Each structure stands twice: as structure tokens, then as C-alpha cells.
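Coordinates from structure-v4.cif are shown below (mmCIF, C-alpha atoms).
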```
data_final
loop_
_atom_site.label_atom_id
_atom_site.label_comp_id
_atom_site.auth_asym_id
_atom_site.auth_seq_id
_atom_site.Cartn_x
_atom_site.Cartn_y
_atom_site.Cartn_z
CA MET A 1 -5.70 64.19 56.60
CA THR A 2 -7.37 65.19 59.83
CA ILE A 3 -5.80 66.78 62.87
CA ARG A 4 -7.35 66.23 66.26
CA ILE A 5 -5.72 68.07 69.11
CA VAL A 6 -6.66 68.44 72.74
CA GLN A 7 -4.97 71.04 74.86
CA TYR A 8 -4.63 70.60 78.60
CA LEU A 9 -4.37 73.79 80.59
CA ASP A 10 -2.74 73.63 83.99
CA LEU A 11 -2.89 77.10 85.47
CA THR A 12 -1.62 77.86 88.95
CA ALA A 13 -2.99 81.18 90.13
CA PHE A 14 -1.56 82.87 93.19
CA ALA A 15 -4.03 85.01 95.11
CA PRO A 16 -2.61 88.14 96.78
CA THR A 17 -2.94 86.48 100.20
CA ALA A 18 -3.66 83.03 101.56
CA ALA A 19 -6.80 84.43 103.24
CA ILE A 20 -8.19 85.56 99.89
CA ALA A 21 -7.30 82.19 98.40
CA GLN A 22 -9.17 80.34 101.13
CA SER A 23 -12.17 82.65 100.72
CA GLU A 24 -12.16 82.09 96.98
CA GLY A 25 -11.75 78.38 97.59
CA LYS A 26 -15.20 78.19 99.10
CA ALA A 27 -16.58 79.57 95.84
CA SER A 28 -14.64 77.12 93.71
CA THR A 29 -16.76 74.01 93.68
CA LYS A 30 -15.49 72.33 90.54
CA ASP A 31 -13.30 69.32 91.20
CA THR A 32 -10.89 70.50 88.53
CA VAL A 33 -10.07 73.56 90.61
CA VAL A 34 -7.74 72.49 93.39
CA TYR A 35 -6.63 74.55 96.35
CA GLY A 36 -2.86 74.26 96.44
CA THR A 37 -0.54 75.37 99.16
CA GLY A 38 -0.48 78.89 100.58
CA SER A 39 -2.33 81.19 98.23
CA ALA A 40 -2.15 78.93 95.18
CA PHE A 41 -5.07 77.62 93.15
CA ILE A 42 -4.64 75.11 90.39
CA HIS A 43 -7.16 75.19 87.53
CA ARG A 44 -7.15 72.27 85.15
CA TYR A 45 -9.14 72.32 81.91
CA GLN A 46 -9.17 70.72 78.48
CA ASN A 47 -10.76 72.11 75.35
CA TYR A 48 -11.76 69.19 73.11
CA PHE A 49 -14.03 66.73 74.92
CA VAL A 50 -17.23 68.71 75.39
CA ASN A 51 -18.77 68.49 78.87
CA GLU A 52 -16.41 65.69 79.86
CA THR A 53 -13.82 65.49 82.58
CA LYS A 54 -10.63 63.77 81.49
CA THR A 55 -7.98 62.30 83.74
CA ARG A 56 -4.35 62.78 82.84
CA ASP A 57 -1.38 62.08 85.09
CA ASN A 58 -3.83 61.46 87.94
CA ASN A 59 -5.27 64.95 87.59
CA LYS A 60 -8.80 65.79 86.48
CA TYR A 61 -9.34 68.24 83.64
CA GLY A 62 -12.80 69.69 83.18
CA PHE A 63 -14.09 71.00 79.87
CA MET A 64 -13.56 74.68 79.14
CA PRO A 65 -14.02 76.12 75.65
CA PHE A 66 -10.76 78.07 75.55
CA SER A 67 -8.64 78.78 72.52
CA THR A 68 -4.97 79.65 72.25
CA THR A 69 -3.14 81.95 69.89
CA GLY A 70 0.61 82.39 69.64
CA SER A 71 3.22 81.63 70.46
CA ILE A 72 5.68 83.90 68.72
CA SER A 73 9.17 82.52 68.58
CA ASN A 74 12.34 84.38 67.83
CA LEU A 75 15.93 83.44 67.16
CA ASN A 76 16.92 83.63 70.80
CA GLY A 77 14.07 81.41 71.85
CA ASP A 78 12.98 83.66 74.67
CA ASN A 79 9.90 85.65 75.53
CA SER A 80 7.44 83.65 73.46
CA LEU A 81 4.00 85.23 73.74
CA LEU A 82 0.77 83.30 74.13
CA SER A 83 -2.79 84.39 74.70
CA ILE A 84 -5.65 82.21 75.83
CA THR A 85 -9.23 83.29 75.27
CA PHE A 86 -12.01 82.16 77.59
CA PRO A 87 -15.71 82.97 77.45
CA ASN A 88 -16.59 85.57 80.07
CA ILE A 89 -18.22 83.13 82.50
CA PRO A 90 -17.98 83.15 86.31
CA VAL A 91 -15.41 80.37 86.58
CA ALA A 92 -13.11 82.10 84.11
CA MET A 93 -13.55 85.41 85.90
CA ARG A 94 -12.69 83.68 89.19
CA LEU A 95 -9.61 82.20 87.58
CA LEU A 96 -8.63 85.71 86.57
CA GLU A 97 -9.25 87.22 89.99
CA GLN A 98 -7.42 84.48 91.84
CA GLY A 99 -4.35 85.19 89.74
CA ASN A 100 -4.54 88.91 90.52
CA GLY A 101 -5.53 89.79 86.97
CA ASN A 102 -3.26 87.05 85.58
CA ARG A 103 -0.18 88.81 86.86
CA LEU A 104 0.49 86.11 89.44
CA SER A 105 0.00 82.88 87.56
CA ARG A 106 1.95 80.05 86.07
CA LEU A 107 0.78 78.02 83.09
CA THR A 108 1.62 74.63 81.71
CA LEU A 109 -0.03 74.06 78.35
CA SER A 110 0.12 70.51 77.04
CA THR A 111 -0.82 69.81 73.44
CA VAL A 112 -1.76 66.23 72.64
CA TRP A 113 -2.65 64.68 69.31
CA LEU A 114 -5.55 62.25 69.16
CA ASN A 115 -6.12 59.30 66.87
CA GLU A 116 -9.33 58.53 64.96
CA ASP A 117 -10.85 56.94 68.06
CA LEU A 118 -10.12 60.14 70.00
CA GLU A 119 -7.50 58.37 72.08
CA GLU A 120 -4.29 60.10 73.00
CA THR A 121 -1.23 59.31 70.91
CA THR A 122 2.34 59.63 72.03
CA LYS A 123 2.67 62.89 70.12
CA ALA A 124 2.54 65.59 72.74
CA TYR A 125 4.50 68.49 74.04
CA SER A 126 4.24 70.89 76.95
CA GLU A 127 5.00 74.58 77.13
CA TYR A 128 5.56 76.67 80.23
CA TYR A 129 4.51 80.27 80.65
CA ILE A 130 3.98 82.96 83.27
CA GLY A 131 1.07 85.39 83.32
CA ILE A 132 1.66 88.98 82.24
CA GLY A 133 -1.86 90.41 82.22
CA SER A 134 -5.31 90.12 80.79
CA THR A 135 -8.00 91.80 78.73
CA VAL A 136 -11.68 91.54 79.57
CA SER A 137 -14.52 92.26 77.16
CA GLU A 138 -18.26 91.73 77.50
CA THR A 139 -17.99 88.23 76.04
CA THR A 140 -14.39 87.09 76.43
CA ILE A 141 -11.49 87.03 78.84
CA GLU A 142 -8.06 86.98 77.28
CA LEU A 143 -5.14 85.91 79.42
CA ARG A 144 -1.70 86.85 78.17
CA PHE A 145 1.41 84.87 78.93
CA ARG A 146 5.06 84.84 78.05
CA SER A 147 7.62 82.12 78.37
CA ALA A 148 9.53 82.19 81.63
CA MET A 149 12.78 81.45 79.87
CA ASP A 150 15.24 84.28 79.34
CA SER A 151 17.90 83.90 76.73
CA VAL A 152 21.61 84.04 77.45
CA GLY A 153 22.84 87.40 76.22
CA SER A 154 25.73 89.73 76.80
CA GLN A 155 24.42 90.47 80.29
CA PHE A 156 23.75 87.23 82.05
CA PRO A 157 21.77 87.08 84.18
CA SER A 158 19.78 90.06 82.94
CA ARG A 159 20.07 93.03 85.25
CA ARG A 160 16.84 94.02 86.83
CA LEU A 161 16.06 97.05 88.94
CA THR A 162 14.80 96.00 92.34
CA ARG A 163 14.13 97.81 95.58
CA ALA A 164 16.85 95.72 97.15
CA LEU A 165 19.31 97.47 94.86
CA VAL A 166 18.09 101.05 94.96
CA GLY A 167 15.70 101.29 97.92
CA LEU A 168 12.48 103.22 97.53
CA LEU A 169 12.04 104.43 93.99
CA PRO A 170 12.39 108.22 93.70
CA MET A 171 10.10 110.47 91.69
CA ASN A 172 12.95 111.50 89.39
CA ALA A 173 15.66 109.57 87.60
CA ASP A 174 18.24 109.76 90.40
CA LEU A 175 18.93 106.17 91.36
CA TYR A 176 21.77 105.18 93.63
CA LEU A 177 22.89 101.61 94.16
CA GLN A 178 22.93 100.77 97.85
CA MET B 1 -36.00 76.29 81.28
CA ALA B 2 -39.52 76.16 79.87
CA ALA B 3 -40.21 73.54 77.25
CA PHE B 4 -41.91 74.63 74.05
CA PRO B 5 -45.70 74.69 74.66
CA ILE B 6 -47.85 71.83 73.42
CA VAL B 7 -51.24 73.36 74.31
CA ASN B 8 -52.55 76.92 74.28
CA SER B 9 -54.57 78.68 77.00
CA ASN B 10 -57.79 77.10 75.65
CA GLY B 11 -56.36 73.62 75.93
CA ASP B 12 -56.04 73.25 72.16
CA ARG B 13 -53.07 71.25 70.95
CA ILE B 14 -50.15 73.04 69.32
CA ARG B 15 -48.68 70.95 66.53
CA PRO B 16 -46.54 72.00 63.56
CA SER B 17 -47.86 71.65 60.04
CA ALA B 18 -44.41 71.91 58.49
CA ARG B 19 -41.03 70.89 59.80
CA SER B 20 -37.48 70.88 58.51
CA PHE B 21 -34.41 69.70 60.33
CA THR B 22 -30.68 69.88 59.71
CA PRO B 23 -28.42 67.63 61.81
CA GLY B 24 -25.56 69.26 63.65
CA ASP B 25 -22.02 69.43 62.41
CA TYR B 26 -18.67 69.00 64.11
CA PRO B 27 -16.51 72.07 64.71
CA THR B 28 -13.89 71.88 61.96
CA LYS B 29 -11.61 74.16 60.02
CA ILE B 30 -10.26 73.19 56.65
CA TYR B 31 -6.87 74.27 55.34
CA ARG B 32 -6.89 74.02 51.56
CA SER B 33 -3.47 74.28 49.96
CA LEU B 34 -2.74 75.57 46.48
CA SER B 35 -2.05 72.00 45.43
CA GLY B 36 -5.55 71.05 46.42
CA LYS B 37 -4.48 68.96 49.39
CA THR B 38 -6.76 69.61 52.36
CA ILE B 39 -6.03 69.30 56.04
CA ARG B 40 -8.95 69.19 58.43
CA ARG B 41 -8.57 70.36 62.01
CA SER B 42 -11.16 69.09 64.43
CA PHE B 43 -11.96 71.32 67.39
CA GLY B 44 -14.53 69.34 69.33
CA SER B 45 -15.82 65.87 70.03
CA LYS B 46 -19.55 66.55 69.74
CA PRO B 47 -21.85 67.91 67.02
CA THR B 48 -23.48 71.30 67.41
CA ASN B 49 -25.55 73.78 65.41
CA PHE B 50 -28.58 71.57 64.79
CA GLN B 51 -31.28 73.54 62.99
CA LEU B 52 -35.02 73.19 63.16
CA THR B 53 -37.75 75.18 61.47
CA LEU B 54 -41.37 74.67 62.45
CA GLY B 55 -44.35 76.09 60.62
CA PHE B 56 -47.77 76.45 62.21
CA ASN B 57 -50.42 77.16 59.62
CA ALA B 58 -53.72 78.97 60.29
CA VAL B 59 -53.39 78.94 64.06
CA SER B 60 -55.72 80.77 66.42
CA GLU B 61 -54.76 83.82 68.40
CA SER B 62 -54.45 81.68 71.53
CA THR B 63 -51.81 79.51 69.87
CA LEU B 64 -50.11 82.56 68.42
CA LYS B 65 -49.99 84.10 71.88
CA ALA B 66 -48.62 80.89 73.44
CA ILE B 67 -45.76 80.82 70.96
CA VAL B 68 -44.93 84.50 71.35
CA ASP B 69 -45.22 84.24 75.14
CA HIS B 70 -42.74 81.36 75.07
CA TYR B 71 -40.38 83.38 72.90
CA ASN B 72 -40.53 86.24 75.39
CA GLY B 73 -40.18 83.84 78.32
CA GLN B 74 -36.85 82.69 76.85
CA TYR B 75 -35.78 86.34 76.48
CA GLY B 76 -35.57 85.79 72.74
CA SER B 77 -32.45 83.83 71.90
CA ILE B 78 -30.95 83.98 75.39
CA VAL B 79 -32.45 81.08 77.36
CA GLY B 80 -32.32 77.56 75.98
CA PHE B 81 -35.21 75.12 76.19
CA THR B 82 -36.25 71.59 75.33
CA MET B 83 -38.58 70.46 72.57
CA PRO B 84 -41.44 68.08 73.42
CA LYS B 85 -41.81 64.95 71.33
CA GLU B 86 -45.19 66.19 70.08
CA MET B 87 -43.33 68.56 67.76
CA PHE B 88 -41.95 65.50 65.97
CA SER B 89 -45.18 63.57 65.60
CA GLY B 90 -45.24 61.33 62.54
CA LEU B 91 -41.69 60.14 63.08
CA SER B 92 -40.82 56.87 64.77
CA ALA B 93 -39.22 57.01 68.21
CA ASP B 94 -35.84 55.95 66.83
CA VAL B 95 -35.78 58.88 64.46
CA TYR B 96 -37.23 61.67 66.54
CA ALA B 97 -34.83 60.73 69.36
CA LEU B 98 -32.07 62.01 67.06
CA PHE B 99 -33.81 65.31 66.53
CA GLN B 100 -35.77 66.09 69.65
CA ASN B 101 -33.08 67.17 72.10
CA PRO B 102 -29.58 66.30 70.83
CA SER B 103 -27.28 65.42 73.72
CA ASN B 104 -25.53 68.25 75.52
CA THR B 105 -27.56 70.85 73.63
CA ASP B 106 -30.43 73.23 74.24
CA TRP B 107 -32.70 74.74 71.64
CA PHE B 108 -32.52 78.50 71.10
CA TYR B 109 -34.55 80.85 68.97
CA VAL B 110 -32.54 82.12 66.03
CA GLU B 111 -34.92 85.00 65.42
CA SER B 112 -38.30 86.18 66.59
CA PRO B 113 -41.33 84.21 65.37
CA GLN B 114 -42.42 85.16 61.85
CA ILE B 115 -46.15 85.84 61.77
CA GLU B 116 -48.28 86.14 58.67
CA SER B 117 -51.97 86.97 59.01
CA VAL B 118 -54.06 84.87 56.66
CA PHE B 119 -57.71 85.27 57.58
CA GLY B 120 -59.45 87.06 60.41
CA GLN B 121 -57.85 85.94 63.65
CA TYR B 122 -55.88 83.15 62.02
CA SER B 123 -52.18 83.37 61.26
CA ASN B 124 -49.26 81.38 59.92
CA VAL B 125 -46.37 81.27 62.36
CA THR B 126 -42.85 80.11 61.60
CA ILE B 127 -40.14 79.65 64.20
CA THR B 128 -36.48 78.99 63.48
CA LEU B 129 -34.40 77.25 66.13
CA VAL B 130 -30.84 76.13 66.62
CA ALA B 131 -29.53 73.56 69.10
CA ASP B 132 -26.13 74.54 70.44
CA LEU B 133 -23.85 72.82 72.91
CA VAL B 134 -24.27 74.16 76.41
#
```

Kindly transcribe the structure held in the file into C-alpha cells.
Amino acid sequence: MTIRIVQYLDLTAFAPTAAIAQSEGKASTKDTVVYGTGSAFIHRYQNYFVNETKTRDNNKYGFMPFSTTGSISNLNGDNSLLSITFPNIPVAMRLLEQGNGNRLSRLTLSTVWLNEDLEETTKAYSEYYIGIGSTVSETTIELRFRSAMDSVGSQFPSRRLTRALVGLLPMNADLYLQ
Amino acid sequence: MAAFPIVNSNGDRIRPSARSFTPGDYPTKIYRSLSGKTIRRSFGSKPTNFQLTLGFNAVSESTLKAIVDHYNGQYGSIVGFTMPKEMFSGLSADVYALFQNPSNTDWFYVESPQIESVFGQYSNVTITLVADLV
């Protein structure tokens, strides 16, 4: 039995400002990197068809030799972790910088099974993640993601500390709801 | 990208006297269960890791220098290059087309040229190359 899988990566990176995004846009010449609206960039890559650009859902996906590890599931089904490893090449570094170190990015990862003729079958599924950071080494760039879904628990929705609730954060632990 | 030299500084031809070639393989991982059932996972659509070893017997210092200069010009195993068809002389065009420059690949040095002095200024030189997807 042989398994042939292509993964389509659809990463929307949000630059800190629209001006930075437009500046970066001039450096992004690949047709699989699309300038979205505002400060958004959309990078589309696939990891099976070497040096080929594939079209899926009217979008072009260039070849990028990335690999994925994860995700870790738990009983609640929330906070699945995923990491994607890229070679440390300029286009991957740009992808990282446009997403502010992968802290401002959104990922759709589609996994598609192929038949013996390397054609797509109907077996496919998509996962959705948000960026939570990255690790850079001399040869690789690892982007870390977690699922955007939060499970329903005893506190729903989960309480989060925001400046809207407590104003400027103090240096000590004295927080007062406003 | 500088192709492998076919002449030395004196204009003498550089041709291998020995050649071995291993076709590339497809990136695959095999899961082998305790029952013996195997599952193969394919990771790419094109072959890679072609291997080529060329031996140059009793070559002059000029040829030796041309080969070593080319190795240094590629910064060792860093910069890829193409192989001229002269390195595959003796094979028909149909066959050497498979070996010469496999599609989507460049040739890279695996290691520095191996040099063995045999007599006076003459040496045996062996180079080991790999063609990887680029």
C-alpha cells in the first residue's frame, strides 16, 4: 500500500501596518504570494509536486519543501498544536517577517490524498490554525500554530485580561476592573 | 554555474577513464509493521539523489588543476553545476540523456576530489557527485 499526500498551505500574514505590507509587496514577486486587503499577504504553497505550480479552487500554489508535525489533539478538541518547517530561504523569511514573526498569521492547511496517477482524490480535509510564534535556525524556519477553536468549558467564553477591562497594566498585581 | 571542464589550460581534453552511475530515487518512507505489512509514504513527485563517480587516470598537472579549480569555483559542495555530454562518451544519446543532467537537478560535489600520485607529474583523480533537486 502506498500513501501519496499533498498538503496545500494557505497562510495569510498580517504585516504590522499596511505601509509595510505594500513595501514588502514589491519584494514579493512570486505569483503564489498575493497582496490581500489592508496589511494582509496570502502565501500559497504545496509540498509534493516539485518545482510545479498547482491550481486549486482557482488559486495558484507554488512548490515549497515544507513539512508539518503535529497536531496534538486532546479530549476537549481545542488548542491543537502544529509546527511547519521551512528551509531558511528568502521567501520563507519574508513570509515570517510579513506575519510579524508568525504572531499575526492565519493558516489553512489542506491535506489531499493522491491516486497512482498523482491526481487528487476526494479524500481531503482542511485544518485551521493561527500563528503563535516561530523558531529560526541557520537552516530552517519553524512556524508554530495552534487551532483557533476554544473548547466550551465552565467559563464560556473564556475570560481574558484586556486593556479595555483594566486599563494600562500596572507593574504590580493590583488590577482593578473599570 | 560553471559546467564541469572538458579541456585543461593546455587545450587537452578532459575525459573520464572510469564512470559509475546510480539513478535517483523517490523520497519515500516505509512503515513496516510487526505483521510484516508495509505502508509506503511518498513525499515527492520527482527522483533525486542521483550519484555519479568519475575516475581520471594518469592525468597531467594541468588537468588536475582544472578539476581542483572547478571544485574551488563551486565552493566545494555549495554551488551546483551541469555536466557536459563529453563525460558520458561511449553511451548513446538516449542513455546519456538520462544521466547527464536529470531534470530539475544540479550536480554537486559530495567530497573534495581524491588525488593519488602515480608517476612523476601524473595522478589519478576521482570525483564523487550527487544530483539533487533544486

Could you list, as a list in words, the residues of chain A having an atom within 7 Å of chain B when counting all atoms listed in the file?
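Applying the cut-off to the listed atoms yields Met1, Thr2, Ile3, Arg4, Tyr48, Phe49 and Val50 of chain A.
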
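The shortest atom-to-atom distance to A:Arg144, with all atoms listed in the file taken into account, belongs to A:Gly70 out of A:Gly38, A:Gly70, A:Pro65, A:Pro87.
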
Written as a VMD selection string, what is the full residue list that the PyMOL selection byres ((chain A and resi 81-85) around 9) yields on the file shown?
chain A and resid 65 to 73 79 to 80 86 to 87 129 134 140 to 147

Between A:Leu114, A:Ile42, A:Leu109, A:Ala92, single out the one closest to A:Ile5, counting all atoms listed in the file.
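Among the listed residues, the smallest separation from A:Ile5 belongs to A:Leu114.
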
Explicit residues for the PyMOL selection byres ((chain A and resi 112) around 8) (as number ranges by chain):
A: 5-8, 110-111, 113-114, 120-125

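With all atoms listed in the file as the basis for measurement, B:Ala131 is the residue among B:Val59, B:Val125, B:Ala131, B:Leu54 that approaches B:Asp106 most closely.
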
Result set of the PyMOL selection byres ((chain B and resi 109-122) around 9) on the coordinates above, as an MDAnalysis selection string:
chainID B and resid 57:61 64 67:68 71 74 76:80 107:108 123:131

Put the listed atoms of stretch 86-100 of chain B in a box along x, y and z with 8 Å added on every side and give me the centre and edge lengths in Å to one decimal, as JSON.
```
{"center_x": -38.7, "center_y": 62.3, "center_z": 66.3, "size_x": 29.2, "size_y": 28.6, "size_z": 23.5}
```

Give me, please, the distance in Å between atom CA of A:Ser39 and atom CA of A:Ala164, quoted to one decimal.
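Separation between atom CA of A:Ser39 and atom CA of A:Ala164: 24.1 Å.
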
Just the residues within 12 Å of B:Thr22, please, counting all atoms listed in the file, with nothing from its chain fewer than 2 positions along; format it as number ranges by chain.
B: 19-20, 24-25, 47-53, 98-100, 102, 128-131

Can you spit out the residues from that selection as a PDB file, in the coordinates of the input, using C-alpha atoms?
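Now in again-v6.pdb:
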```
ATOM      1  CA  ARG B  19     -41.030  70.890  59.800  1.00  0.00           C
ATOM      2  CA  SER B  20     -37.480  70.880  58.510  1.00  0.00           C
ATOM      3  CA  GLY B  24     -25.560  69.260  63.650  1.00  0.00           C
ATOM      4  CA  ASP B  25     -22.020  69.430  62.410  1.00  0.00           C
ATOM      5  CA  PRO B  47     -21.850  67.910  67.020  1.00  0.00           C
ATOM      6  CA  THR B  48     -23.480  71.300  67.410  1.00  0.00           C
ATOM      7  CA  ASN B  49     -25.550  73.780  65.410  1.00  0.00           C
ATOM      8  CA  PHE B  50     -28.580  71.570  64.790  1.00  0.00           C
ATOM      9  CA  GLN B  51     -31.280  73.540  62.990  1.00  0.00           C
ATOM     10  CA  LEU B  52     -35.020  73.190  63.160  1.00  0.00           C
ATOM     11  CA  THR B  53     -37.750  75.180  61.470  1.00  0.00           C
ATOM     12  CA  LEU B  98     -32.070  62.010  67.060  1.00  0.00           C
ATOM     13  CA  PHE B  99     -33.810  65.310  66.530  1.00  0.00           C
ATOM     14  CA  GLN B 100     -35.770  66.090  69.650  1.00  0.00           C
ATOM     15  CA  PRO B 102     -29.580  66.300  70.830  1.00  0.00           C
ATOM     16  CA  THR B 128     -36.480  78.990  63.480  1.00  0.00           C
ATOM     17  CA  LEU B 129     -34.400  77.250  66.130  1.00  0.00           C
ATOM     18  CA  VAL B 130     -30.840  76.130  66.620  1.00  0.00           C
ATOM     19  CA  ALA B 131     -29.530  73.560  69.100  1.00  0.00           C
TER      20      ALA B 131
END
```

Just to confirm, what's the straight-line distance from atom CA of B:Asp12 to atom CA of B:Leu91 in Å (one decimal)?
21.5 Å

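Interatomic distance, atom CA of A:Asn115 against atom CA of B:Pro23: 24.3 Å.
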
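Minimum distance to B:Gly11 across B:Asn101, B:Asn72, B:Thr82, B:Thr63 (counting all atoms listed in the file) occurs at B:Thr63.
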
From the list B:Ser35, B:Ser62, B:Thr105, B:Ser17, which residue is nearest B:Phe88 when using all atoms listed in the file?
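Closest candidate: B:Ser17.
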
Using all atoms listed in the file: which of A:Val166, A:Ile130, A:Ala40, A:Ala148 has the shortest distance to A:Leu95:
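For A:Leu95, the nearest of the candidates is A:Ala40.
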